[in-house]
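What follows is start-v6.txt (compact mmCIF, C-alpha atoms).
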# COMPACT_ATOMS: atom_id res chain seq x y z
CA MET A 10 13.25 40.44 21.05
CA ALA A 11 13.78 38.58 24.32
CA LYS A 12 11.32 39.23 27.13
CA LYS A 13 12.42 40.75 30.40
CA VAL A 14 13.11 38.08 33.02
CA ALA A 15 13.77 38.70 36.71
CA VAL A 16 13.89 36.77 39.96
CA ILE A 17 11.33 38.39 42.25
CA GLN A 18 9.21 37.68 45.30
CA GLY A 19 5.61 36.56 44.98
CA ASN A 20 4.23 39.66 46.67
CA THR A 21 6.22 41.83 44.27
CA ALA A 22 4.77 39.89 41.34
CA CYS A 23 1.30 40.58 42.71
CA ALA A 24 1.89 44.35 42.84
CA LEU A 25 3.40 44.40 39.35
CA GLY A 26 0.54 42.31 38.00
CA ALA A 27 -1.92 44.82 39.44
CA MET A 28 -0.04 47.65 37.74
CA TYR A 29 -0.11 45.76 34.44
CA ALA A 30 -3.89 45.39 34.78
CA GLY A 31 -4.28 49.16 35.18
CA CYS A 32 -4.68 49.41 38.95
CA SER A 33 -4.55 53.07 39.94
CA PHE A 34 -5.49 52.91 43.63
CA PHE A 35 -4.27 50.92 46.61
CA GLY A 36 -5.80 51.26 50.06
CA GLY A 37 -4.40 49.01 52.74
CA TYR A 38 -2.92 48.41 56.16
CA PRO A 39 0.36 46.58 56.89
CA ILE A 40 0.00 42.94 57.88
CA THR A 41 2.37 39.99 57.63
CA PRO A 42 2.80 38.24 55.22
CA SER A 43 1.28 40.63 52.64
CA THR A 44 3.01 43.90 53.51
CA GLU A 45 5.40 43.81 50.54
CA VAL A 46 2.45 44.22 48.18
CA ALA A 47 1.69 47.57 49.81
CA GLU A 48 5.37 48.54 49.88
CA VAL A 49 5.78 48.04 46.13
CA MET A 50 2.51 49.80 45.34
CA SER A 51 3.54 52.78 47.49
CA GLU A 52 6.63 53.17 45.33
CA GLU A 53 5.21 52.38 41.91
CA LEU A 54 1.69 53.88 41.85
CA PRO A 55 2.81 57.53 42.19
CA LYS A 56 5.09 57.06 39.17
CA VAL A 57 2.04 56.54 36.93
CA GLY A 58 -0.30 59.04 38.58
CA GLY A 59 -1.96 56.47 40.84
CA LYS A 60 -2.86 56.87 44.49
CA PHE A 61 -1.59 54.93 47.51
CA ILE A 62 -3.06 55.37 50.96
CA GLN A 63 -2.33 53.57 54.21
CA MET A 64 -5.51 53.65 56.26
CA GLU A 65 -5.90 53.50 60.02
CA ASP A 66 -7.17 49.92 59.94
CA GLU A 67 -8.35 47.12 57.65
CA ILE A 68 -11.98 48.24 57.76
CA ALA A 69 -11.12 51.71 56.53
CA ALA A 70 -8.81 50.22 53.90
CA MET A 71 -11.68 48.23 52.40
CA ALA A 72 -13.94 51.28 52.50
CA SER A 73 -11.35 53.34 50.65
CA VAL A 74 -11.12 50.69 47.94
CA ILE A 75 -14.89 50.72 47.42
CA GLY A 76 -14.89 54.51 47.21
CA ALA A 77 -12.01 54.60 44.74
CA SER A 78 -13.66 51.99 42.54
CA LEU A 79 -16.96 53.88 42.47
CA ALA A 80 -14.97 56.94 41.40
CA GLY A 81 -13.75 54.98 38.38
CA ALA A 82 -10.42 53.54 39.54
CA LYS A 83 -9.25 49.95 39.40
CA ALA A 84 -8.71 49.42 43.11
CA LEU A 85 -6.69 46.94 45.17
CA THR A 86 -6.14 46.00 48.79
CA ALA A 87 -3.83 43.33 50.23
CA THR A 88 -4.03 41.65 53.61
CA SER A 89 -3.99 38.31 55.42
CA GLY A 90 -6.56 36.27 57.35
CA PRO A 91 -7.24 38.59 60.32
CA GLY A 92 -7.48 41.54 57.94
CA VAL A 93 -9.98 39.76 55.73
CA SER A 94 -12.04 39.02 58.83
CA LEU A 95 -12.19 42.75 59.56
CA LYS A 96 -13.05 43.56 55.94
CA GLN A 97 -15.99 41.16 55.75
CA GLU A 98 -18.80 43.65 56.36
CA LEU A 99 -17.52 45.87 53.57
CA ILE A 100 -16.82 42.92 51.29
CA GLY A 101 -20.52 42.18 51.65
CA TYR A 102 -21.25 45.82 50.82
CA ALA A 103 -19.12 45.58 47.68
CA CYS A 104 -21.01 42.42 46.72
CA ILE A 105 -24.50 43.89 46.98
CA ALA A 106 -23.46 47.27 45.56
CA GLU A 107 -21.69 45.42 42.73
CA THR A 108 -18.44 47.32 43.12
CA PRO A 109 -15.44 45.91 41.23
CA CYS A 110 -12.27 45.56 43.30
CA VAL A 111 -9.51 43.04 44.04
CA ILE A 112 -8.65 41.69 47.50
CA ILE A 113 -5.33 39.89 47.99
CA ASN A 114 -5.20 37.44 50.90
CA VAL A 115 -1.72 36.09 51.61
CA MET A 116 -2.80 33.24 53.87
CA ARG A 117 -1.08 32.43 57.17
CA GLY A 118 -1.82 30.25 60.18
CA GLY A 119 -4.77 31.00 62.39
CA PRO A 120 -7.33 31.60 63.80
CA SER A 121 -7.03 35.11 65.26
CA THR A 122 -3.41 36.27 65.20
CA GLY A 123 -2.31 32.65 64.82
CA MET A 124 1.09 32.29 63.19
CA PRO A 125 1.86 35.51 61.28
CA THR A 126 5.06 34.21 59.68
CA GLY A 127 3.89 30.67 58.87
CA PRO A 128 1.87 29.49 55.88
CA GLY A 129 -1.71 28.32 55.97
CA GLN A 130 -4.64 27.58 53.68
CA SER A 131 -7.43 28.00 56.20
CA ASP A 132 -9.10 30.98 54.51
CA VAL A 133 -10.45 29.11 51.49
CA GLN A 134 -13.92 28.65 52.96
CA GLN A 135 -13.82 32.17 54.42
CA ALA A 136 -13.45 33.46 50.87
CA LYS A 137 -16.78 31.88 49.99
CA TRP A 138 -18.76 32.18 53.22
CA GLY A 139 -16.98 34.91 55.24
CA THR A 140 -19.56 37.61 54.81
CA HIS A 141 -23.24 37.06 55.54
CA GLY A 142 -26.08 36.60 53.09
CA ASP A 143 -26.32 34.91 49.71
CA HIS A 144 -23.77 36.26 47.27
CA ALA A 145 -21.54 35.08 44.46
CA THR A 146 -17.81 34.57 44.98
CA ILE A 147 -14.82 34.50 42.68
CA ALA A 148 -11.54 33.40 44.29
CA LEU A 149 -8.28 32.50 42.54
CA VAL A 150 -5.41 30.41 43.97
CA PRO A 151 -2.07 30.81 42.14
CA SER A 152 0.81 28.49 43.01
CA SER A 153 3.87 30.13 41.39
CA ILE A 154 5.38 33.59 41.09
CA GLN A 155 4.54 33.76 37.39
CA GLU A 156 0.99 32.73 38.15
CA ILE A 157 0.59 35.31 40.90
CA PHE A 158 1.33 37.95 38.25
CA THR A 159 -1.08 36.57 35.63
CA GLU A 160 -3.83 35.68 38.09
CA THR A 161 -3.73 39.14 39.62
CA VAL A 162 -4.28 40.51 36.11
CA ARG A 163 -7.14 38.04 35.62
CA ALA A 164 -8.63 39.02 38.98
CA PHE A 165 -8.94 42.61 37.81
CA ASN A 166 -10.44 41.44 34.52
CA LEU A 167 -13.05 39.35 36.33
CA ALA A 168 -13.83 42.13 38.81
CA GLU A 169 -14.40 44.58 35.99
CA LYS A 170 -16.31 42.16 33.77
CA TYR A 171 -18.69 40.89 36.44
CA ARG A 172 -18.76 44.09 38.52
CA MET A 173 -17.89 42.52 41.87
CA PRO A 174 -15.05 41.95 44.36
CA VAL A 175 -12.60 39.19 43.43
CA GLN A 176 -10.22 37.56 45.90
CA VAL A 177 -6.75 36.18 45.17
CA LEU A 178 -5.57 33.67 47.77
CA TYR A 179 -1.99 32.49 47.94
CA ASP A 180 -0.15 31.36 51.03
CA GLU A 181 2.92 32.76 52.75
CA ILE A 182 5.22 30.28 51.00
CA VAL A 183 4.38 31.52 47.52
CA GLY A 184 4.11 35.11 48.70
CA HIS A 185 7.65 35.19 50.09
CA MET A 186 9.51 32.78 47.84
CA ARG A 187 11.50 34.01 44.85
CA GLU A 188 11.74 32.46 41.41
CA PRO A 189 12.14 33.66 37.82
CA ILE A 190 9.26 35.45 36.14
CA GLU A 191 8.93 36.36 32.48
CA PHE A 192 7.18 39.70 32.15
CA PRO A 193 4.52 39.91 29.45
CA GLU A 194 4.76 42.75 26.98
CA PRO A 195 2.17 45.52 27.14
CA GLY A 196 -0.92 44.28 25.32
CA GLU A 197 0.14 40.63 25.49
CA LEU A 198 -2.32 39.80 28.25
CA GLU A 199 -5.96 40.72 27.81
CA ILE A 200 -7.08 43.71 29.87
CA ILE A 201 -10.79 44.17 30.54
CA ASN A 202 -12.33 47.44 31.68
CA ARG A 203 -15.78 47.84 33.16
CA THR A 204 -18.70 48.57 30.85
CA THR A 205 -19.70 52.22 31.14
CA PRO A 206 -23.12 53.66 30.31
CA THR A 207 -24.07 54.72 26.80
CA VAL A 208 -27.35 56.38 27.79
CA ALA A 209 -27.71 60.04 28.64
CA PRO A 210 -26.99 60.94 32.28
CA ALA A 211 -30.66 61.70 32.90
CA ASP A 212 -31.59 58.19 31.75
CA TYR A 213 -28.90 56.28 33.67
CA LYS A 214 -29.89 53.67 36.23
CA PRO A 215 -26.97 51.95 38.03
CA TYR A 216 -28.73 48.57 38.19
CA ASP A 217 -30.57 48.60 34.87
CA THR A 218 -30.86 44.92 33.95
CA SER A 219 -32.08 45.66 30.43
CA PHE A 220 -28.36 45.64 29.59
CA GLY A 221 -27.95 42.13 31.03
CA ASP A 222 -27.01 40.60 34.35
CA VAL A 223 -24.06 43.01 34.72
CA PRO A 224 -25.32 46.60 34.39
CA PRO A 225 -22.99 49.36 33.12
CA LEU A 226 -21.24 51.33 35.86
CA ALA A 227 -20.69 55.07 35.73
CA ALA A 228 -18.01 56.86 37.76
CA PHE A 229 -18.75 59.15 40.66
CA GLY A 230 -17.47 62.60 39.83
CA SER A 231 -18.51 62.30 36.19
CA GLU A 232 -21.68 63.79 34.76
CA TYR A 233 -23.59 60.70 35.92
CA ARG A 234 -25.22 60.85 39.35
CA PHE A 235 -26.58 57.80 41.14
CA HIS A 236 -27.36 56.33 44.53
CA VAL A 237 -25.33 53.53 46.17
CA THR A 238 -26.56 51.55 49.16
CA GLY A 239 -25.97 48.31 51.02
CA LEU A 240 -29.70 47.68 51.00
CA ASN A 241 -31.58 45.71 48.39
CA LYS A 242 -32.57 48.18 45.72
CA ALA A 243 -34.48 48.81 42.54
CA GLN A 244 -32.85 49.59 39.19
CA ASP A 245 -32.45 53.26 40.16
CA GLY A 246 -30.25 52.29 43.12
CA PHE A 247 -32.71 53.37 45.81
CA PRO A 248 -33.78 50.87 48.51
CA THR A 249 -36.76 48.60 48.02
CA THR A 250 -38.55 45.99 50.10
CA LYS A 251 -40.69 44.70 47.24
CA ALA A 252 -40.35 40.93 47.42
CA GLU A 253 -40.18 40.35 43.66
CA LEU A 254 -37.43 42.98 43.21
CA VAL A 255 -35.36 41.71 46.12
CA ASP A 256 -35.65 38.12 44.90
CA ALA A 257 -34.73 39.08 41.33
CA GLU A 258 -31.67 41.03 42.50
CA GLU A 259 -30.37 38.24 44.71
CA ARG A 260 -30.80 35.61 42.00
CA ARG A 261 -29.26 37.80 39.30
CA GLN A 262 -26.13 38.42 41.34
CA ILE A 263 -25.65 34.69 41.88
CA ARG A 264 -26.47 33.92 38.23
CA LYS A 265 -23.87 36.31 36.82
CA VAL A 266 -21.16 34.05 38.30
CA GLU A 267 -22.70 30.63 38.81
CA SER A 268 -24.74 30.12 35.64
CA ALA A 269 -23.33 27.29 33.55
CA GLU A 270 -22.05 29.65 30.87
CA ASN A 271 -20.44 32.16 33.21
CA ALA A 272 -18.96 29.56 35.58
CA ALA A 273 -17.34 27.81 32.61
CA ALA A 274 -15.79 31.11 31.49
CA ILE A 275 -14.45 31.85 34.98
CA GLU A 276 -13.23 28.33 35.77
CA LYS A 277 -9.52 27.62 35.25
CA ASN A 278 -7.74 24.41 36.24
CA GLU A 279 -4.55 22.51 35.55
CA GLU A 280 -4.70 18.76 34.95
CA TYR A 281 -1.44 16.81 35.09
CA LEU A 282 -1.32 13.14 34.07
CA CYS A 283 -5.06 12.79 34.64
CA ASN A 284 -6.03 10.94 31.44
CA ASP A 285 -5.21 7.45 32.71
CA ALA A 286 -5.05 8.24 36.42
CA GLU A 287 -6.40 5.73 38.91
CA VAL A 288 -5.76 7.99 41.89
CA LEU A 289 -6.10 11.76 41.83
CA VAL A 290 -4.41 14.34 44.03
CA PHE A 291 -6.55 17.47 44.37
CA ALA A 292 -4.23 20.27 45.51
CA TYR A 293 -3.99 24.06 45.29
CA GLY A 294 -1.49 26.81 46.05
CA SER A 295 1.98 25.87 47.26
CA THR A 296 0.71 22.43 48.30
CA ALA A 297 0.17 21.63 44.62
CA ARG A 298 3.93 21.94 44.09
CA SER A 299 4.53 19.11 46.55
CA ALA A 300 1.65 17.20 44.97
CA ARG A 301 3.19 17.37 41.49
CA TYR A 302 6.46 15.98 42.82
CA ALA A 303 4.56 13.21 44.61
CA VAL A 304 2.67 12.33 41.42
CA ASN A 305 5.93 12.03 39.48
CA GLU A 306 7.46 9.79 42.16
CA MET A 307 4.38 7.57 42.29
CA ARG A 308 4.43 7.17 38.52
CA LYS A 309 7.99 5.85 38.85
CA GLU A 310 6.64 3.27 41.28
CA GLY A 311 3.92 2.21 38.85
CA ILE A 312 1.06 4.02 40.58
CA LYS A 313 -1.11 5.79 38.02
CA ALA A 314 -1.44 9.09 39.85
CA GLY A 315 -2.59 12.43 38.50
CA LEU A 316 -2.87 16.00 39.77
CA PHE A 317 -5.93 18.21 39.54
CA ARG A 318 -5.05 21.78 40.50
CA PRO A 319 -7.86 24.34 40.67
CA ILE A 320 -6.66 27.84 39.81
CA THR A 321 -10.20 29.15 40.18
CA LEU A 322 -11.28 27.83 43.57
CA TRP A 323 -14.64 29.62 43.62
CA PRO A 324 -16.85 28.97 41.79
CA PHE A 325 -15.84 25.39 42.55
CA PRO A 326 -15.11 23.23 39.46
CA GLU A 327 -17.98 20.86 40.25
CA LYS A 328 -18.54 19.18 36.89
CA ARG A 329 -14.89 18.35 36.25
CA VAL A 330 -14.23 17.03 39.76
CA GLN A 331 -17.42 14.99 39.59
CA ALA A 332 -16.32 13.44 36.28
CA LEU A 333 -12.84 12.65 37.60
CA GLY A 334 -14.37 11.12 40.72
CA LYS A 335 -16.15 8.60 38.50
CA GLN A 336 -12.91 7.84 36.62
CA VAL A 337 -10.50 7.23 39.50
CA LYS A 338 -10.49 4.81 42.40
CA ALA A 339 -9.49 7.43 44.97
CA ILE A 340 -8.91 11.15 45.50
CA VAL A 341 -6.45 12.55 48.04
CA VAL A 342 -6.75 16.19 49.14
CA PRO A 343 -3.69 17.71 50.85
CA GLU A 344 -4.22 21.16 52.36
CA MET A 345 -2.70 23.31 55.09
CA ASN A 346 -5.84 23.29 57.23
CA LEU A 347 -7.83 20.62 59.01
CA GLY A 348 -9.99 19.73 56.03
CA GLN A 349 -11.85 22.44 54.13
CA MET A 350 -11.82 21.91 50.36
CA ILE A 351 -12.04 18.15 50.89
CA LEU A 352 -15.63 18.86 51.92
CA GLU A 353 -16.34 20.26 48.45
CA VAL A 354 -14.68 17.27 46.78
CA GLU A 355 -16.77 14.95 48.94
CA ARG A 356 -19.94 16.90 48.13
CA VAL A 357 -19.56 16.66 44.36
CA THR A 358 -18.11 13.14 44.07
CA LYS A 359 -20.98 11.73 46.17
CA GLY A 360 -19.12 8.59 47.20
CA SER A 361 -18.09 7.59 43.67
CA CYS A 362 -14.52 6.93 44.85
CA ALA A 363 -12.47 6.59 48.02
CA LEU A 364 -11.42 9.88 49.62
CA GLY A 365 -8.55 10.79 51.92
CA GLY A 366 -7.03 13.98 53.25
CA VAL A 367 -3.59 15.17 54.33
CA PHE A 368 -3.99 18.05 56.77
CA ARG A 369 -1.30 20.15 58.40
CA VAL A 370 -1.59 23.25 60.60
CA ASP A 371 1.82 23.44 62.29
CA GLY A 372 3.24 26.17 60.06
CA GLU A 373 5.22 23.73 57.94
CA PRO A 374 4.46 22.80 54.32
CA ILE A 375 2.98 19.45 53.33
CA ASN A 376 5.76 17.38 51.80
CA PRO A 377 5.53 14.85 48.94
CA GLY A 378 6.15 11.90 51.26
CA GLN A 379 3.02 12.67 53.28
CA ILE A 380 0.94 12.76 50.11
CA MET A 381 2.41 9.50 48.81
CA LYS A 382 1.77 7.78 52.13
CA LYS A 383 -1.89 8.78 52.12
CA VAL A 384 -2.34 7.71 48.49
CA LYS A 385 -1.07 4.22 49.34
CA GLU A 386 -3.39 4.08 52.34
CA VAL A 387 -6.54 4.94 50.39
CA MET A 388 -5.58 2.73 47.43
Re-express the file's structure as structure tokens.
Amino acid sequence: MAKKVAVIQGNTACALGAMYAGCSFFGGYPITPSTEVAEVMSEELPKVGGKFIQMEDEIAAMASVIGASLAGAKALTATSGPGVSLKQELIGYACIAETPCVIINVMRGGPSTGMPTGPGQSDVQQAKWGTHGDHATIALVPSSIQEIFTETVRAFNLAEKYRMPVQVLYDEIVGHMREPIEFPEPGELEIINRTTPTVAPADYKPYDTSFGDVPPLAAFGSEYRFHVTGLNKAQDGFPTTKAELVDAEERRQIRKVESAENAAAIEKNEEYLCNDAEVLVFAYGSTARSARYAVNEMRKEGIKAGLFRPITLWPFPEKRVQALGKQVKAIVVPEMNLGQMILEVERVTKGSCALGGVFRVDGEPINPGQIMKKVKEVM
């Protein structure tokens, strides 16, 4: 039986991917260029008994998502750069309270109001460092309509599995473009739900690490009662200032994402013509589409170019980029900002190869010719 195929917008694919993953709550506030995600969710969620709410601002939207998640729902919000800036305090709250949720950031130009209708990729470091304090981060960067759908599903899986907020970053180009998507059948893609407690309600502790680095999570409104706070806390959820407990909590929350085993499970990349590459283009999001074209054109000219495309941007694919840096003569990083992820590439390659960047912040996409020109310069 043939699968259903349709030509849809990226933001629509995001909303439908969330529905496929079992999302039952959306709390948001309209902002270009992400508003279509909210529009689709407002139409589709009520059809399956879900809840949609437009809040008075981005801060309240993030708060509603945390509340819905703690009540047992798979919860989503969608915004753009200025909205993420407003959400940061509550993103930090979701991190320390270990509240699973998904945050969509359809990136545009900036800072501040910037260029609402133009694309940008300037929020990639914000995803990692936007809120204060030490915390783990998972951020995904799809580059096609099909991938927006599947990576939104994966974002929910990761949020539920690791009990934390997960961000999906794609830029305005991918969010508003339209291309064919093949819809997976129900059950075709893996769906992960949070681990719930198996102990009696009287014995439940919301941060009981005897179950591992990701404690089971009960739902508010069920027979389980527990305390939630933005403070460092003991296993019972109540605040603590005991140095050894605070230190253990902080390190556990980082470890559940950044340990070698967990990071390898979360990491997802695409490598194109990298086996014999002498120059590597490191590109993500819509810019990777131009990069692939540039790689193909350079191959025709006899330049052994390859493309490394991170789909999981955080945690950063350190080991693989480091290995490729030792293999190639040069790495070129095109991005629609003034040089953000190139800093990570530079950090992990440690001078093992030449490095060059193609940066653009004028609201226009980076084209293949710009990438090819920079490759020839650094080679």
Item checked: Spatial neighbours of Glu107 of chain A, max dist 9 Å, all atoms listed in the file, sep filter under 5 positions, as a PyMOL selection string -> chain A and resi 102+171-174+216+223+262
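Candidate residues A:Ser89, A:Thr108, A:Thr204, A:Asn376 were compared for distance to Tyr302 of chain A, and the nearest is A:Asn376, using all atoms listed in the file.
Among A:Gly101, A:Gly26, A:Gly334, A:Gly246, the residue with the shortest atom-to-atom distance to Thr161 of chain A, counting all atoms listed in the file, is A:Gly26.
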Would you compute the box with edges along x, y and z of the file around segment 355-374 of chain A, including every atom the file lists for it and 5 Å extra on each side, and give its centre and edge lengths in Å to one decimal, as JSON?
{"center_x": -7.9, "center_y": 16.4, "center_z": 53.0, "size_x": 36.2, "size_y": 29.6, "size_z": 28.6}
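Here atom CA of Pro248 of chain A and atom CA of Asp217 of chain A stand 14.2 Å from one another.
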Do you know which residues are at most 9 Å from Arg203 of chain A counting only C-alpha atoms, after dropping those on the same chain fewer than 6 positions away, and could you put them as a PDB file with C-alpha atoms, keeping the file's coordinate frame?
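In the end it all went to result.pdb:
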ATOM      1  CA  PRO A 109     -15.440  45.910  41.230  1.00  0.00           C
ATOM      2  CA  ASN A 166     -10.440  41.440  34.520  1.00  0.00           C
ATOM      3  CA  ALA A 168     -13.830  42.130  38.810  1.00  0.00           C
ATOM      4  CA  GLU A 169     -14.400  44.580  35.990  1.00  0.00           C
ATOM      5  CA  LYS A 170     -16.310  42.160  33.770  1.00  0.00           C
ATOM      6  CA  TYR A 171     -18.690  40.890  36.440  1.00  0.00           C
ATOM      7  CA  ARG A 172     -18.760  44.090  38.520  1.00  0.00           C
ATOM      8  CA  PRO A 225     -22.990  49.360  33.120  1.00  0.00           C
ATOM      9  CA  LEU A 226     -21.240  51.330  35.860  1.00  0.00           C
TER      10      LEU A 226
END
Margin query: Can you tell me which residues surround segment 268-277 of chain A at a distance of at most 9 Å, considering all atoms listed in the file, apart from same-chain residues fewer than 6 positions away, and format the answer as an MDAnalysis selection string?
Written below: chainID A and resid 147 149 167 319:326
Next item on the list: Would you please work out which residue, of A:Leu347, A:Val115, A:Cys104, A:Met307, is nearest to Val266 of chain A when using all atoms listed in the file?
Entry: A:Cys104
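Minimum atom-to-atom distance to Gly239 of chain A, evaluated using all atoms listed in the file, belongs to A:Ile75 out of A:Ala314, A:Cys23, A:Ile75, A:Val183.
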Note to self: Report as a PyMOL selection string all protein, DNA and RNA residues lying within 12 Å of Gln155 of chain A, evaluated on all atoms listed in the file, omitting residues in the same chain fewer than 3 positions from it.
What the structure shows: chain A and resi 14-23+25-26+151-152+158-162+183-184+186-193
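Compared by their closest atoms to Asp256 of chain A, and using all atoms listed in the file, the residues A:Val370, A:Ala243, A:Met381, A:Ala47 rank with A:Ala243 nearest.
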Notebook entry, point to check: Out of A:Ala84, A:Leu79, A:Ile380, A:Cys283, which residue has the shortest atom-to-atom distance to Gln336 of chain A when counting only C-alpha atoms?
Noted result: A:Cys283
Check: Quick one: distance from atom CA of Glu353 of chain A to atom CA of Gly366 of chain A in Å, one decimal?
Finding: 12.2 Å
Checklist line | Residues within 10 Å of segment 61-74 of chain A, only C-alpha atoms, excluding chain neighbours under 2 positions, as JSON, numbers by chain | finding: {"A": [33, 34, 35, 36, 37, 38, 39, 40, 47, 48, 50, 51, 52, 53, 54, 55, 58, 59, 76, 77, 78, 79, 80, 82, 83, 84, 85, 86, 87, 88, 91, 92, 93, 94, 95, 96, 97, 98, 99, 100, 102, 103, 108, 109, 110, 111, 112]}
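Atom CA of Thr205 of chain A sits 5.5 Å away from atom CA of Ala227 of chain A.
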Add whatever atoms are absent from segment 281-297 of chain A to reach N, CA, C and O atoms, and provide the output as a tab-separated table (two decimals), in the coordinates of the input.
chain	number	residue	atom	x	y	z
A	281	TYR	N	-2.76	17.38	35.36
A	281	TYR	CA	-1.44	16.81	35.09
A	281	TYR	C	-1.51	15.30	35.22
A	281	TYR	O	-1.82	14.77	36.30
A	282	LEU	N	-1.30	14.60	34.12
A	282	LEU	CA	-1.32	13.14	34.07
A	282	LEU	C	-2.65	12.56	34.56
A	282	LEU	O	-2.69	11.54	35.25
A	283	CYS	N	-3.73	13.22	34.17
A	283	CYS	CA	-5.06	12.79	34.64
A	283	CYS	C	-5.74	11.80	33.69
A	283	CYS	O	-6.68	11.11	34.09
A	284	ASN	N	-5.30	11.73	32.44
A	284	ASN	CA	-6.03	10.94	31.44
A	284	ASN	C	-6.20	9.48	31.84
A	284	ASN	O	-7.28	8.90	31.68
A	285	ASP	N	-5.13	8.87	32.34
A	285	ASP	CA	-5.21	7.45	32.71
A	285	ASP	C	-5.09	7.25	34.21
A	285	ASP	O	-4.84	6.14	34.69
A	286	ALA	N	-5.27	8.32	34.97
A	286	ALA	CA	-5.05	8.24	36.42
A	286	ALA	C	-6.06	7.32	37.10
A	286	ALA	O	-7.25	7.31	36.77
A	287	GLU	N	-5.55	6.56	38.07
A	287	GLU	CA	-6.40	5.73	38.91
A	287	GLU	C	-6.55	6.33	40.30
A	287	GLU	O	-7.46	5.97	41.05
A	288	VAL	N	-5.65	7.24	40.64
A	288	VAL	CA	-5.76	7.99	41.89
A	288	VAL	C	-5.45	9.45	41.56
A	288	VAL	O	-4.54	9.74	40.78
A	289	LEU	N	-6.21	10.34	42.14
A	289	LEU	CA	-6.10	11.76	41.83
A	289	LEU	C	-5.70	12.52	43.10
A	289	LEU	O	-6.23	12.28	44.17
A	290	VAL	N	-4.75	13.42	42.95
A	290	VAL	CA	-4.41	14.34	44.03
A	290	VAL	C	-5.03	15.69	43.68
A	290	VAL	O	-4.73	16.28	42.63
A	291	PHE	N	-5.91	16.17	44.53
A	291	PHE	CA	-6.55	17.47	44.37
A	291	PHE	C	-5.80	18.44	45.29
A	291	PHE	O	-5.86	18.33	46.51
A	292	ALA	N	-5.06	19.39	44.69
A	292	ALA	CA	-4.23	20.27	45.51
A	292	ALA	C	-4.19	21.66	44.90
A	292	ALA	O	-4.32	21.83	43.68
A	293	TYR	N	-3.99	22.66	45.74
A	293	TYR	CA	-3.99	24.06	45.29
A	293	TYR	C	-2.90	24.83	46.01
A	293	TYR	O	-2.39	24.42	47.06
A	294	GLY	N	-2.52	25.97	45.44
A	294	GLY	CA	-1.49	26.81	46.05
A	294	GLY	C	-0.14	26.12	46.13
A	294	GLY	O	0.19	25.26	45.31
A	295	SER	N	0.65	26.45	47.14
A	295	SER	CA	1.98	25.87	47.26
A	295	SER	C	1.92	24.37	47.47
A	295	SER	O	2.84	23.64	47.07
A	296	THR	N	0.84	23.86	48.07
A	296	THR	CA	0.71	22.43	48.30
A	296	THR	C	0.69	21.66	46.99
A	296	THR	O	1.14	20.51	46.92
A	297	ALA	N	0.19	22.28	45.92
A	297	ALA	CA	0.17	21.63	44.62
A	297	ALA	C	1.57	21.38	44.08
A	297	ALA	O	1.78	20.48	43.27
